[in-house]
$ cat upload_29.txt   # compact mmCIF, C-alpha atoms
# COMPACT_ATOMS: atom_id res chain seq x y z
CA MET U 1 109.85 84.59 -15.32
CA GLN U 2 107.76 81.87 -16.97
CA LEU U 3 104.41 81.13 -15.41
CA GLN U 4 102.07 78.27 -16.22
CA THR U 5 98.55 79.70 -16.14
CA LYS U 6 95.13 78.09 -16.16
CA TYR U 7 93.62 80.08 -19.02
CA LEU U 8 96.51 81.55 -20.99
CA GLY U 9 99.00 78.71 -21.18
CA LYS U 10 102.62 79.64 -20.42
CA VAL U 11 103.22 83.36 -20.11
CA HIS U 12 106.14 85.59 -19.24
CA ILE U 13 105.54 87.69 -16.17
CA ASP U 14 107.61 90.33 -14.47
CA PRO U 15 107.99 89.18 -10.83
CA SER U 16 107.52 92.79 -9.72
CA THR U 17 103.89 92.58 -10.90
CA GLU U 18 103.05 89.90 -8.35
CA ILE U 19 100.34 90.88 -5.88
CA TYR U 20 100.57 89.70 -2.30
CA PHE U 21 97.35 88.67 -0.51
CA SER U 22 98.40 88.28 3.12
CA ALA U 23 95.18 86.44 4.02
CA GLY U 24 94.75 84.61 0.74
CA LEU U 25 91.15 84.63 -0.49
CA PRO U 26 88.18 83.09 1.36
CA GLY U 27 88.28 79.40 0.49
CA PHE U 28 91.88 79.74 -0.70
CA GLU U 29 93.54 81.05 2.43
CA GLU U 30 96.92 79.45 1.59
CA GLU U 31 97.18 81.19 -1.79
CA LYS U 32 99.09 84.39 -1.17
CA THR U 33 100.49 85.52 -4.50
CA PHE U 34 98.68 86.25 -7.74
CA VAL U 35 99.17 88.14 -10.95
CA LEU U 36 96.50 90.01 -12.87
CA LEU U 37 96.64 89.29 -16.60
CA ASP U 38 94.54 90.56 -19.49
CA MET U 39 92.48 87.80 -21.03
CA SER U 40 90.15 89.07 -23.71
CA HIS U 41 87.86 91.85 -24.83
CA VAL U 42 84.17 91.15 -25.21
CA ASP U 43 82.11 94.11 -26.42
CA SER U 44 84.85 96.50 -25.22
CA VAL U 45 84.79 95.01 -21.70
CA ILE U 46 88.21 93.73 -20.67
CA PHE U 47 88.19 90.45 -18.85
CA GLN U 48 91.24 89.63 -16.79
CA THR U 49 92.43 86.62 -14.89
CA LEU U 50 93.72 86.67 -11.35
CA GLN U 51 96.18 83.81 -11.57
CA SER U 52 97.87 82.16 -8.59
CA THR U 53 101.64 82.12 -9.03
CA THR U 54 101.95 78.99 -6.90
CA THR U 55 99.08 76.88 -8.25
CA PRO U 56 98.75 76.88 -12.06
CA SER U 57 95.21 75.43 -11.92
CA LEU U 58 93.94 78.24 -9.67
CA ALA U 59 92.71 81.33 -11.47
CA PHE U 60 89.71 83.60 -11.27
CA ILE U 61 88.12 85.52 -14.08
CA VAL U 62 87.67 89.12 -13.05
CA VAL U 63 86.34 92.33 -14.49
CA SER U 64 86.38 95.92 -13.33
CA PRO U 65 82.84 96.64 -12.10
CA TYR U 66 83.25 100.17 -13.46
CA MET U 67 83.35 98.81 -17.00
CA LEU U 68 79.77 97.68 -16.40
CA THR U 69 78.32 100.31 -14.10
CA LYS U 70 79.26 103.64 -12.55
CA GLU U 71 77.08 102.88 -9.58
CA PHE U 72 79.32 100.74 -7.45
CA GLU U 73 80.26 102.39 -4.20
CA PHE U 74 81.30 101.15 -0.82
CA GLU U 75 83.16 102.31 2.24
CA LEU U 76 86.41 100.78 3.40
CA ASP U 77 86.94 100.04 7.06
CA ASP U 78 90.04 101.46 8.77
CA GLY U 79 91.66 98.04 9.09
CA THR U 80 91.54 97.54 5.32
CA VAL U 81 92.85 101.04 4.57
CA GLU U 82 95.77 100.34 6.90
CA GLY U 83 96.29 96.76 5.79
CA LEU U 84 96.44 97.74 2.13
CA GLN U 85 98.49 100.87 2.97
CA ILE U 86 96.07 103.03 1.02
CA GLU U 87 96.97 106.70 0.99
CA ASN U 88 94.52 107.89 -1.62
CA LYS U 89 91.72 106.51 -3.75
CA GLU U 90 93.90 106.35 -6.85
CA ASP U 91 96.10 103.69 -5.21
CA VAL U 92 93.28 101.18 -5.39
CA LEU U 93 92.27 98.99 -8.28
CA VAL U 94 88.90 97.30 -7.86
CA CYS U 95 87.86 94.17 -9.69
CA THR U 96 85.14 91.62 -9.16
CA ILE U 97 85.18 87.87 -9.60
CA ILE U 98 82.91 86.37 -12.24
CA THR U 99 81.29 82.99 -11.78
CA VAL U 100 81.00 81.88 -15.38
CA HIS U 101 77.90 80.08 -16.59
CA ASN U 102 77.00 78.81 -20.01
CA PRO U 103 75.56 80.79 -21.76
CA PHE U 104 77.80 83.63 -20.65
CA ASN U 105 74.98 86.08 -20.01
CA GLN U 106 73.86 83.81 -17.15
CA SER U 107 77.16 84.47 -15.38
CA THR U 108 77.23 86.28 -12.06
CA LEU U 109 79.49 88.85 -10.42
CA ASN U 110 80.49 88.84 -6.79
CA LEU U 111 79.90 92.49 -5.96
CA LYS U 112 79.61 91.68 -2.25
CA ALA U 113 83.33 90.86 -2.08
CA PRO U 114 85.40 92.83 -4.57
CA ILE U 115 89.14 92.30 -4.96
CA LEU U 116 91.07 95.40 -3.95
CA ILE U 117 94.64 95.87 -5.10
CA ASN U 118 97.02 98.62 -4.03
CA THR U 119 98.75 98.96 -7.38
CA HIS U 120 101.77 100.77 -5.95
CA LYS U 121 102.47 98.45 -3.03
CA ARG U 122 101.31 95.33 -4.91
CA ILE U 123 99.16 94.11 -2.05
CA GLY U 124 95.62 92.87 -2.31
CA LYS U 125 92.63 91.65 -0.42
CA GLN U 126 89.16 90.33 -1.12
CA TYR U 127 87.11 92.84 0.80
CA ILE U 128 83.74 91.83 2.18
CA ILE U 129 81.37 94.80 2.07
CA SER U 130 79.57 94.90 5.40
CA THR U 131 76.31 96.37 4.11
CA ASP U 132 73.65 94.35 2.28
CA THR U 133 73.77 96.59 -0.81
CA TYR U 134 75.46 94.08 -3.11
CA ALA U 135 75.03 90.35 -3.71
CA THR U 136 77.59 87.59 -4.19
CA LYS U 137 75.65 86.46 -7.27
CA THR U 138 74.73 89.65 -9.12
CA PRO U 139 73.59 88.67 -12.63
CA LEU U 140 76.00 89.96 -15.27
CA ALA U 141 72.94 90.45 -17.47
CA SER U 142 71.63 93.13 -15.10
CA PHE U 143 74.33 95.50 -16.45
CA VAL U 144 73.96 94.71 -20.12
CA ASP U 145 71.29 96.19 -22.31
CA SER U 146 70.59 92.95 -24.17
CA GLY U 147 68.83 94.68 -27.06
CA SER U 148 71.73 96.95 -28.01
CA LYS U 149 74.24 94.14 -27.43
CA GLU U 150 72.62 91.89 -30.01
CA ASN U 151 72.52 94.66 -32.58
CA SER U 152 76.16 95.61 -32.22
CA MET A 153 84.66 73.21 21.58
CA LEU A 154 84.99 75.16 24.78
CA ILE A 155 81.60 76.09 26.17
CA LEU A 156 81.23 78.87 28.72
CA ARG A 157 78.14 80.18 30.43
CA ARG A 158 77.87 83.98 30.48
CA LYS A 159 75.28 86.48 31.69
CA GLN A 160 74.34 89.79 30.13
CA LYS A 161 77.20 92.34 30.27
CA GLU A 162 79.75 89.61 30.98
CA SER A 163 82.67 89.11 28.63
CA ILE A 164 85.08 86.57 27.26
CA MET A 165 88.68 87.33 26.37
CA ILE A 166 90.38 85.50 23.52
CA GLY A 167 94.08 86.10 23.93
CA ASP A 168 94.73 89.57 25.29
CA GLU A 169 93.34 91.58 22.38
CA ILE A 170 89.92 90.17 21.53
CA GLU A 171 86.95 90.66 23.80
CA PHE A 172 83.39 89.41 23.33
CA THR A 173 80.68 90.98 25.47
CA ILE A 174 77.12 89.77 25.79
CA ILE A 175 75.27 93.07 25.27
CA ALA A 176 71.68 91.81 25.41
CA ILE A 177 69.61 88.66 25.27
CA GLU A 178 66.32 89.16 23.44
CA GLY A 179 64.21 86.06 22.92
CA ASP A 180 66.17 83.71 20.64
CA GLN A 181 68.72 86.38 19.73
CA VAL A 182 71.89 87.32 21.51
CA LYS A 183 73.51 90.69 20.89
CA ILE A 184 77.29 90.41 21.05
CA GLY A 185 79.82 93.22 21.17
CA ILE A 186 83.29 92.50 19.84
CA ASP A 187 86.45 94.46 20.51
CA ALA A 188 89.35 93.38 18.34
CA PRO A 189 92.39 94.96 16.69
CA LYS A 190 91.59 96.64 13.36
CA HIS A 191 93.55 94.14 11.30
CA ILE A 192 91.23 91.32 12.36
CA ASP A 193 88.27 90.97 10.01
CA ILE A 194 84.98 90.07 11.64
CA HIS A 195 82.14 88.59 9.59
CA ARG A 196 78.88 86.79 10.12
CA LYS A 197 79.82 83.20 9.38
CA GLU A 198 77.13 82.58 6.75
CA ILE A 199 78.44 85.53 4.72
CA TYR A 200 82.03 84.29 4.89
CA VAL A 201 80.89 80.79 3.87
CA ASP A 202 78.85 82.25 0.99
CA ILE A 203 82.00 83.99 -0.30
CA GLN A 204 84.12 80.86 0.12
CA ASP A 205 81.51 78.90 -1.86
CA GLN A 206 81.28 81.57 -4.54
CA ASN A 207 85.08 81.67 -4.91
CA SER A 208 85.19 77.88 -5.23
CA ALA A 209 82.47 77.97 -7.88
CA ALA A 210 84.26 80.76 -9.77
CA ALA A 211 87.60 78.91 -9.61
CA SER A 212 86.10 75.72 -11.01
CA THR A 213 85.36 77.24 -14.43
CA GLU A 214 86.70 74.88 -17.07
CA VAL A 215 89.14 76.15 -19.66
CA THR A 216 87.23 74.29 -22.37
CA LEU A 217 84.01 76.13 -21.53
CA LEU A 218 85.73 79.50 -21.98
CA LYS A 219 87.17 78.39 -25.29
CA GLU A 220 83.75 77.24 -26.49
CA MET A 221 82.32 80.62 -25.54
CA GLY A 222 85.16 82.50 -27.22
CA ILE A 223 86.28 84.20 -23.99
CA ILE A 224 89.72 82.76 -24.59
CA THR A 225 91.13 81.69 -27.89
CA GLU A 226 92.99 78.50 -28.65
CA LYS A 227 96.75 78.82 -28.27

$ encode --input "upload_29.txt" --output "structure tokens"
Amino acid sequence: MQLQTKYLGKVHIDPSTEIYFSAGLPGFEEEKTFVLLDMSHVDSVIFQTLQSTTTPSLAFIVVSPYMLTKEFEFELDDGTVEGLQIENKEDVLVCTIITVHNPFNQSTLNLKAPILINTHKRIGKQYIISTDTYATKTPLASFVDSGSKENS
Amino acid sequence: MLILRRKQKESIMIGDEIEFTIIAIEGDQVKIGIDAPKHIDIHRKEIYVDIQDQNSAAASTEVTLLKEMGIITEK
């Protein structure tokens, strides 16, 4: 089907790739269905957009935290494991929402509340990590070695 | 807003599945125990509001800004 997106214009999507968020996302509780689309590569990091399928103007820019760091770990509570019907770790795709600032290296990542997607069942949730380990505004720059980036 | 007066160890039921218990009162802090079904998420309000605000800020990124920065290319 055709989908009008915020960042990528009109795109064709397979309806079976829709992801259902039963609770929406905090602040967007009425938005239940999204698709995850590739947006662009910047220094080998793939940025994606989590696009609402009901509201063309609603989209988030997301990135896998594991493209930036290996040190991102958290525990899931039982309710989330059940709610997302997670049977093993490999079912789950983790991505984090970027709040974009200009210049881009001033942008922040919301590591406190990653988006979890069960890729088999196509269900998702923004999971709020209960510990204080991660911040909602983690500087993107804290993962990037600025020296090597400028030379590349 | 419904306001109820409770003493330590007393509880409040919300529906038949959610129970709040006043565990302890220590100075200006109240320790509350919550029993709720697993599918109900429980958060400190300021954290939930922080995430709502952060999502709103993230969703308000202008397409033109991303084009200027080369994150997306002109169609």

$ closest_residue --input "upload_29.txt" --among "A:Ala188, A:Gln181, A:Leu218, A:Gln204" --to "Thr136 of chain U" --atoms "all atoms listed in the file"
A:Gln204

$ residues_around --input "upload_29.txt" --residues "segment 12-23 of chain U" --least-positions-apart "2" --cutoff "6 Å" --atoms "all atoms listed in the file" --output "list of chain:residue names"
U:Met1, U:Gln2, U:Glu29, U:Lys32, U:Thr33, U:Phe34, U:Val35, U:Arg122, U:Ile123, U:Gly124, U:Lys125

$ interface_residues --input "upload_29.txt" --of "chain U" --to "chain A" --cutoff "7 Å" --atoms "all atoms listed in the file" --output "list in words"
Tyr7, Pro26, Gly27, Met39, Ser40, Leu58, Ala59, Phe60, Asp78, Gly79, Gly83, Ile98, Thr99, Val100 and Thr136 of chain U

$ residues_around --input "upload_29.txt" --residues "Ile174 of chain A" --least-positions-apart "4" --cutoff "10 Å" --atoms "all atoms listed in the file" --output "VMD selection string"
chain A and resid 158 to 164 182 to 186

$ atom_distance --input "upload_29.txt" --atom1 "atom CA of Val45 of chain U" --atom2 "atom CA of Phe104 of chain U"
13.4 Å

$ atom_distance --input "upload_29.txt" --atom1 "atom CA of Gln106 of chain U" --atom2 "atom CA of Val144 of chain U"
11.3 Å

$ atom_distance --input "upload_29.txt" --atom1 "atom CA of Gln51 of chain U" --atom2 "atom CA of Leu140 of chain U"
21.4 Å

$ closest_residue --input "upload_29.txt" --among "U:Ile115, U:Leu3, U:Leu93, U:Met67" --to "Ser52 of chain U" --atoms "all atoms listed in the file"
U:Leu3

$ residues_around --input "upload_29.txt" --residues "segment 128-135 of chain U" --least-positions-apart "3" --cutoff "7 Å" --atoms "all atoms listed in the file" --output "number ranges by chain"
U: 74, 110-113, 138

$ residues_around --input "upload_29.txt" --residues "Ile86 of chain U" --least-positions-apart "5" --cutoff "9 Å" --atoms "only C-alpha atoms" --output "VMD selection string"
chain U and resid 80 to 81 91 to 92 118 121
